[in-house]
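See below for the structure under consideration.
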Amino acid sequence: MTDTTSAQAGAEVKGGLVPYLEVEGAVKAADFYRRAFGAETVAIHPVDDQGRTMHVHLYINGSSLMLSDSFPEHGHPAQKPQGFNLTLQVGDIDAWWKRAVASGATVVMPVTEMFWGARYGQLRDPFGIMWALNQPISQDKR
């Protein structure tokens with residue numbers, strides 16, 4: 001692998017909590033997140049001879065998301081994602097939902113009005129990551 005370019009290395013990290021996901025096919029996941037969630041790739045480490053990358057930095061909905069491939073030879077074997085979801089706070093849940101499903105996300109829980117005063121639904125992406133979309137219901141619509 002070669003070094004990340006200096007322009008990429010200086011990409012601003014956005015958000016107070018930044019998920020760093022290890023997935024099989026990080027470059028493909030970044031492309032899916034671009035199509036499904038409007039992600040912008042701000043840094044990517046070149047792939048190795050097996051097509052793996054150690055680092056992708058995306059912006060999604062005003063926050064950073066980091067990705068890498070699994071590297072079992074360095075103590076990072078592939079593992080099934082479980083026990084978490086990534087929640088996007090959005091202003092137009094129907095548009096976000098439609099784009100994600102059209103891009104290949106699988107519906108886990110359809111968008112529903114929830115007890116906390118929001119419309120909420122869950123999707124699973126092709127890489128096994130669970131995503132949730134949440135849009136607060138304005139007071140005048142309750």
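Residues in the structure tokens are named by chain (A, B, ... in the order shown) and by number from 1 within that chain; ligands are numbered from 1 in the order shown.
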Hey, what's within 8 Å of range 69-77 of chain A if we count only C-alpha atoms and toss same-chain stuff fewer than 2 positions away? As a PyMOL selection string, please? chain A and resi 22-26+52-55+67+79
Keeping N, CA and C atoms, export the residues of the selection given above as a short mmCIF file (atom, residue, chain, number, x, y, z; two decimals), in the first residue's frame.
```cif
data_model
loop_
_atom_site.label_atom_id
_atom_site.label_comp_id
_atom_site.auth_asym_id
_atom_site.auth_seq_id
_atom_site.Cartn_x
_atom_site.Cartn_y
_atom_site.Cartn_z
N GLU A 22 -15.42 -1.82 10.17
CA GLU A 22 -14.62 -2.77 9.41
C GLU A 22 -15.59 -3.63 8.63
N VAL A 23 -15.53 -3.54 7.31
CA VAL A 23 -16.46 -4.28 6.44
C VAL A 23 -15.68 -5.02 5.37
N GLU A 24 -16.30 -6.00 4.78
CA GLU A 24 -15.72 -6.69 3.64
C GLU A 24 -16.07 -5.89 2.38
N GLY A 25 -15.09 -5.21 1.81
CA GLY A 25 -15.33 -4.41 0.62
C GLY A 25 -15.56 -2.94 0.95
N ALA A 26 -14.61 -2.32 1.65
CA ALA A 26 -14.78 -0.93 2.10
C ALA A 26 -14.98 0.05 0.94
N ARG A 52 -8.15 -4.45 -1.02
CA ARG A 52 -8.54 -3.98 0.30
C ARG A 52 -7.91 -2.61 0.60
N THR A 53 -8.63 -1.83 1.39
CA THR A 53 -8.07 -0.56 1.84
C THR A 53 -8.09 -0.51 3.36
N MET A 54 -7.10 0.18 3.92
CA MET A 54 -7.05 0.31 5.38
C MET A 54 -7.82 1.52 5.87
N HIS A 55 -8.25 2.41 4.93
CA HIS A 55 -8.94 3.61 5.41
C HIS A 55 -9.75 4.30 4.32
N LEU A 67 -14.20 3.83 7.36
CA LEU A 67 -14.32 2.43 6.95
C LEU A 67 -12.93 1.84 6.71
N GLN A 79 -15.73 -10.02 10.87
CA GLN A 79 -16.73 -10.41 11.85
C GLN A 79 -18.07 -9.85 11.41
#
```
Would you please extract all helix (DSSP H, G or I) residues from chain A, as assigned by DSSP on the backbone, and give them as a PDB file with N, CA and C atoms, in the first residue's frame?
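Generated file (selection.pdb):
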```pdb
ATOM      1  N   SER A   6      -1.468  13.992   0.801  1.00  0.00           N
ATOM      2  CA  SER A   6      -1.525  15.002   1.851  1.00  0.00           C
ATOM      3  C   SER A   6      -2.873  15.702   1.885  1.00  0.00           C
ATOM      4  N   ALA A   7      -3.523  15.890   0.749  1.00  0.00           N
ATOM      5  CA  ALA A   7      -4.837  16.532   0.730  1.00  0.00           C
ATOM      6  C   ALA A   7      -5.855  15.663   1.470  1.00  0.00           C
ATOM      7  N   GLN A   8      -5.786  14.363   1.281  1.00  0.00           N
ATOM      8  CA  GLN A   8      -6.709  13.476   1.957  1.00  0.00           C
ATOM      9  C   GLN A   8      -6.409  13.397   3.441  1.00  0.00           C
ATOM     10  N   ALA A   9      -5.138  13.406   3.802  1.00  0.00           N
ATOM     11  CA  ALA A   9      -4.756  13.258   5.200  1.00  0.00           C
ATOM     12  C   ALA A   9      -5.262  14.419   6.050  1.00  0.00           C
ATOM     13  N   ALA A  26     -14.615  -2.316   1.647  1.00  0.00           N
ATOM     14  CA  ALA A  26     -14.781  -0.933   2.102  1.00  0.00           C
ATOM     15  C   ALA A  26     -14.979   0.046   0.942  1.00  0.00           C
ATOM     16  N   VAL A  27     -14.280  -0.154  -0.161  1.00  0.00           N
ATOM     17  CA  VAL A  27     -14.438   0.752  -1.303  1.00  0.00           C
ATOM     18  C   VAL A  27     -15.834   0.596  -1.901  1.00  0.00           C
ATOM     19  N   LYS A  28     -16.308  -0.640  -2.005  1.00  0.00           N
ATOM     20  CA  LYS A  28     -17.666  -0.880  -2.503  1.00  0.00           C
ATOM     21  C   LYS A  28     -18.699  -0.322  -1.527  1.00  0.00           C
ATOM     22  N   ALA A  29     -18.442  -0.451  -0.235  1.00  0.00           N
ATOM     23  CA  ALA A  29     -19.357   0.113   0.773  1.00  0.00           C
ATOM     24  C   ALA A  29     -19.420   1.628   0.635  1.00  0.00           C
ATOM     25  N   ALA A  30     -18.281   2.267   0.416  1.00  0.00           N
ATOM     26  CA  ALA A  30     -18.261   3.725   0.244  1.00  0.00           C
ATOM     27  C   ALA A  30     -19.105   4.130  -0.959  1.00  0.00           C
ATOM     28  N   ASP A  31     -19.020   3.367  -2.031  1.00  0.00           N
ATOM     29  CA  ASP A  31     -19.828   3.669  -3.220  1.00  0.00           C
ATOM     30  C   ASP A  31     -21.316   3.473  -2.922  1.00  0.00           C
ATOM     31  N   PHE A  32     -21.643   2.404  -2.192  1.00  0.00           N
ATOM     32  CA  PHE A  32     -23.037   2.190  -1.814  1.00  0.00           C
ATOM     33  C   PHE A  32     -23.542   3.338  -0.945  1.00  0.00           C
ATOM     34  N   TYR A  33     -22.752   3.769   0.032  1.00  0.00           N
ATOM     35  CA  TYR A  33     -23.166   4.855   0.918  1.00  0.00           C
ATOM     36  C   TYR A  33     -23.327   6.170   0.151  1.00  0.00           C
ATOM     37  N   ARG A  34     -22.543   6.349  -0.909  1.00  0.00           N
ATOM     38  CA  ARG A  34     -22.728   7.524  -1.773  1.00  0.00           C
ATOM     39  C   ARG A  34     -24.106   7.484  -2.425  1.00  0.00           C
ATOM     40  N   ARG A  35     -24.450   6.326  -2.983  1.00  0.00           N
ATOM     41  CA  ARG A  35     -25.735   6.195  -3.672  1.00  0.00           C
ATOM     42  C   ARG A  35     -26.910   6.200  -2.697  1.00  0.00           C
ATOM     43  N   ALA A  36     -26.783   5.507  -1.574  1.00  0.00           N
ATOM     44  CA  ALA A  36     -27.898   5.323  -0.646  1.00  0.00           C
ATOM     45  C   ALA A  36     -28.107   6.505   0.290  1.00  0.00           C
ATOM     46  N   PHE A  37     -27.012   7.125   0.742  1.00  0.00           N
ATOM     47  CA  PHE A  37     -27.106   8.145   1.784  1.00  0.00           C
ATOM     48  C   PHE A  37     -26.450   9.466   1.410  1.00  0.00           C
ATOM     49  N   PRO A  72      -7.099  -9.977   8.329  1.00  0.00           N
ATOM     50  CA  PRO A  72      -6.873 -11.046   9.300  1.00  0.00           C
ATOM     51  C   PRO A  72      -5.392 -11.289   9.597  1.00  0.00           C
ATOM     52  N   GLU A  73      -4.536 -11.041   8.629  1.00  0.00           N
ATOM     53  CA  GLU A  73      -3.103 -11.261   8.846  1.00  0.00           C
ATOM     54  C   GLU A  73      -2.493 -10.245   9.817  1.00  0.00           C
ATOM     55  N   HIS A  74      -3.271  -9.211  10.150  1.00  0.00           N
ATOM     56  CA  HIS A  74      -2.824  -8.211  11.121  1.00  0.00           C
ATOM     57  C   HIS A  74      -3.730  -8.180  12.358  1.00  0.00           C
ATOM     58  N   ILE A  93     -37.536  12.098   5.814  1.00  0.00           N
ATOM     59  CA  ILE A  93     -37.305  10.664   5.937  1.00  0.00           C
ATOM     60  C   ILE A  93     -37.768   9.901   4.702  1.00  0.00           C
ATOM     61  N   ASP A  94     -38.848  10.348   4.088  1.00  0.00           N
ATOM     62  CA  ASP A  94     -39.358   9.628   2.912  1.00  0.00           C
ATOM     63  C   ASP A  94     -38.364   9.666   1.761  1.00  0.00           C
ATOM     64  N   ALA A  95     -37.723  10.810   1.520  1.00  0.00           N
ATOM     65  CA  ALA A  95     -36.729  10.919   0.444  1.00  0.00           C
ATOM     66  C   ALA A  95     -35.487  10.077   0.759  1.00  0.00           C
ATOM     67  N   TRP A  96     -34.995  10.154   1.994  1.00  0.00           N
ATOM     68  CA  TRP A  96     -33.837   9.360   2.396  1.00  0.00           C
ATOM     69  C   TRP A  96     -34.145   7.870   2.278  1.00  0.00           C
ATOM     70  N   TRP A  97     -35.315   7.467   2.733  1.00  0.00           N
ATOM     71  CA  TRP A  97     -35.734   6.059   2.719  1.00  0.00           C
ATOM     72  C   TRP A  97     -35.801   5.544   1.284  1.00  0.00           C
ATOM     73  N   LYS A  98     -36.477   6.294   0.432  1.00  0.00           N
ATOM     74  CA  LYS A  98     -36.648   5.882  -0.968  1.00  0.00           C
ATOM     75  C   LYS A  98     -35.288   5.703  -1.647  1.00  0.00           C
ATOM     76  N   ARG A  99     -34.374   6.656  -1.441  1.00  0.00           N
ATOM     77  CA  ARG A  99     -33.044   6.579  -2.067  1.00  0.00           C
ATOM     78  C   ARG A  99     -32.274   5.363  -1.562  1.00  0.00           C
ATOM     79  N   ALA A 100     -32.316   5.100  -0.252  1.00  0.00           N
ATOM     80  CA  ALA A 100     -31.581   3.961   0.312  1.00  0.00           C
ATOM     81  C   ALA A 100     -32.126   2.634  -0.193  1.00  0.00           C
ATOM     82  N   VAL A 101     -33.442   2.496  -0.208  1.00  0.00           N
ATOM     83  CA  VAL A 101     -34.053   1.241  -0.676  1.00  0.00           C
ATOM     84  C   VAL A 101     -33.791   1.045  -2.173  1.00  0.00           C
ATOM     85  N   ALA A 102     -33.892   2.109  -2.959  1.00  0.00           N
ATOM     86  CA  ALA A 102     -33.621   2.021  -4.398  1.00  0.00           C
ATOM     87  C   ALA A 102     -32.164   1.637  -4.671  1.00  0.00           C
ATOM     88  N   SER A 103     -31.269   1.966  -3.744  1.00  0.00           N
ATOM     89  CA  SER A 103     -29.848   1.647  -3.898  1.00  0.00           C
ATOM     90  C   SER A 103     -29.508   0.235  -3.454  1.00  0.00           C
ATOM     91  N   GLN A 139     -44.331  19.758  16.133  1.00  0.00           N
ATOM     92  CA  GLN A 139     -45.439  19.904  17.089  1.00  0.00           C
ATOM     93  C   GLN A 139     -46.770  20.187  16.406  1.00  0.00           C
ATOM     94  N   ASP A 140     -46.753  20.948  15.316  1.00  0.00           N
ATOM     95  CA  ASP A 140     -48.007  21.298  14.652  1.00  0.00           C
ATOM     96  C   ASP A 140     -48.609  20.124  13.883  1.00  0.00           C
ATOM     97  N   LYS A 141     -47.859  19.037  13.667  1.00  0.00           N
ATOM     98  CA  LYS A 141     -48.385  17.870  12.955  1.00  0.00           C
ATOM     99  C   LYS A 141     -48.871  16.787  13.896  1.00  0.00           C
TER     100      LYS A 141
END
```
For CA of Tyr120 in chain A and CA of Glu12 in chain A, the interatomic separation in Å (one decimal):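 Calculated distance between CA of Tyr120 in chain A and CA of Glu12 in chain A is 29.3 Å.
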Mind listing the strand (DSSP E or B) residues of chain A, per DSSP on the backbone, as a PyMOL selection string? chain A and resi 20-22+40-44+56-60+63-68+71+76+86-89+106-114+118-124+130-136
Residue neighbourhood Met66 in chain A, 7 Å, only C-alpha atoms, exclusion window fewer than 6 positions, as a ChimeraX atom specification: /A:19-21,55-58
Preceding selection exported with N, CA and C atoms as a PDB file, in the first residue's frame:
```
ATOM      1  N   PRO A  19     -18.031   6.778  14.059  1.00  0.00           N
ATOM      2  CA  PRO A  19     -17.951   5.324  13.890  1.00  0.00           C
ATOM      3  C   PRO A  19     -16.841   4.952  12.915  1.00  0.00           C
ATOM      4  N   TYR A  20     -16.131   3.886  13.225  1.00  0.00           N
ATOM      5  CA  TYR A  20     -15.107   3.343  12.329  1.00  0.00           C
ATOM      6  C   TYR A  20     -15.481   1.885  12.090  1.00  0.00           C
ATOM      7  N   LEU A  21     -16.014   1.591  10.902  1.00  0.00           N
ATOM      8  CA  LEU A  21     -16.541   0.266  10.590  1.00  0.00           C
ATOM      9  C   LEU A  21     -15.528  -0.554   9.806  1.00  0.00           C
ATOM     10  N   HIS A  55      -8.253   2.415   4.932  1.00  0.00           N
ATOM     11  CA  HIS A  55      -8.939   3.611   5.414  1.00  0.00           C
ATOM     12  C   HIS A  55      -9.750   4.297   4.317  1.00  0.00           C
ATOM     13  N   VAL A  56     -11.011   4.549   4.640  1.00  0.00           N
ATOM     14  CA  VAL A  56     -11.897   5.406   3.848  1.00  0.00           C
ATOM     15  C   VAL A  56     -12.545   6.377   4.827  1.00  0.00           C
ATOM     16  N   HIS A  57     -12.584   7.648   4.464  1.00  0.00           N
ATOM     17  CA  HIS A  57     -13.229   8.674   5.289  1.00  0.00           C
ATOM     18  C   HIS A  57     -14.356   9.279   4.465  1.00  0.00           C
ATOM     19  N   LEU A  58     -15.572   9.191   4.980  1.00  0.00           N
ATOM     20  CA  LEU A  58     -16.762   9.717   4.312  1.00  0.00           C
ATOM     21  C   LEU A  58     -17.402  10.806   5.158  1.00  0.00           C
TER      22      LEU A  58
END
```
Which residue, A:Ser138, A:Gln82, A:Ala105, A:Glu40, has the smallest gap to Ala118 in chain A when you use only C-alpha atoms?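 Closest candidate: A:Ser138.
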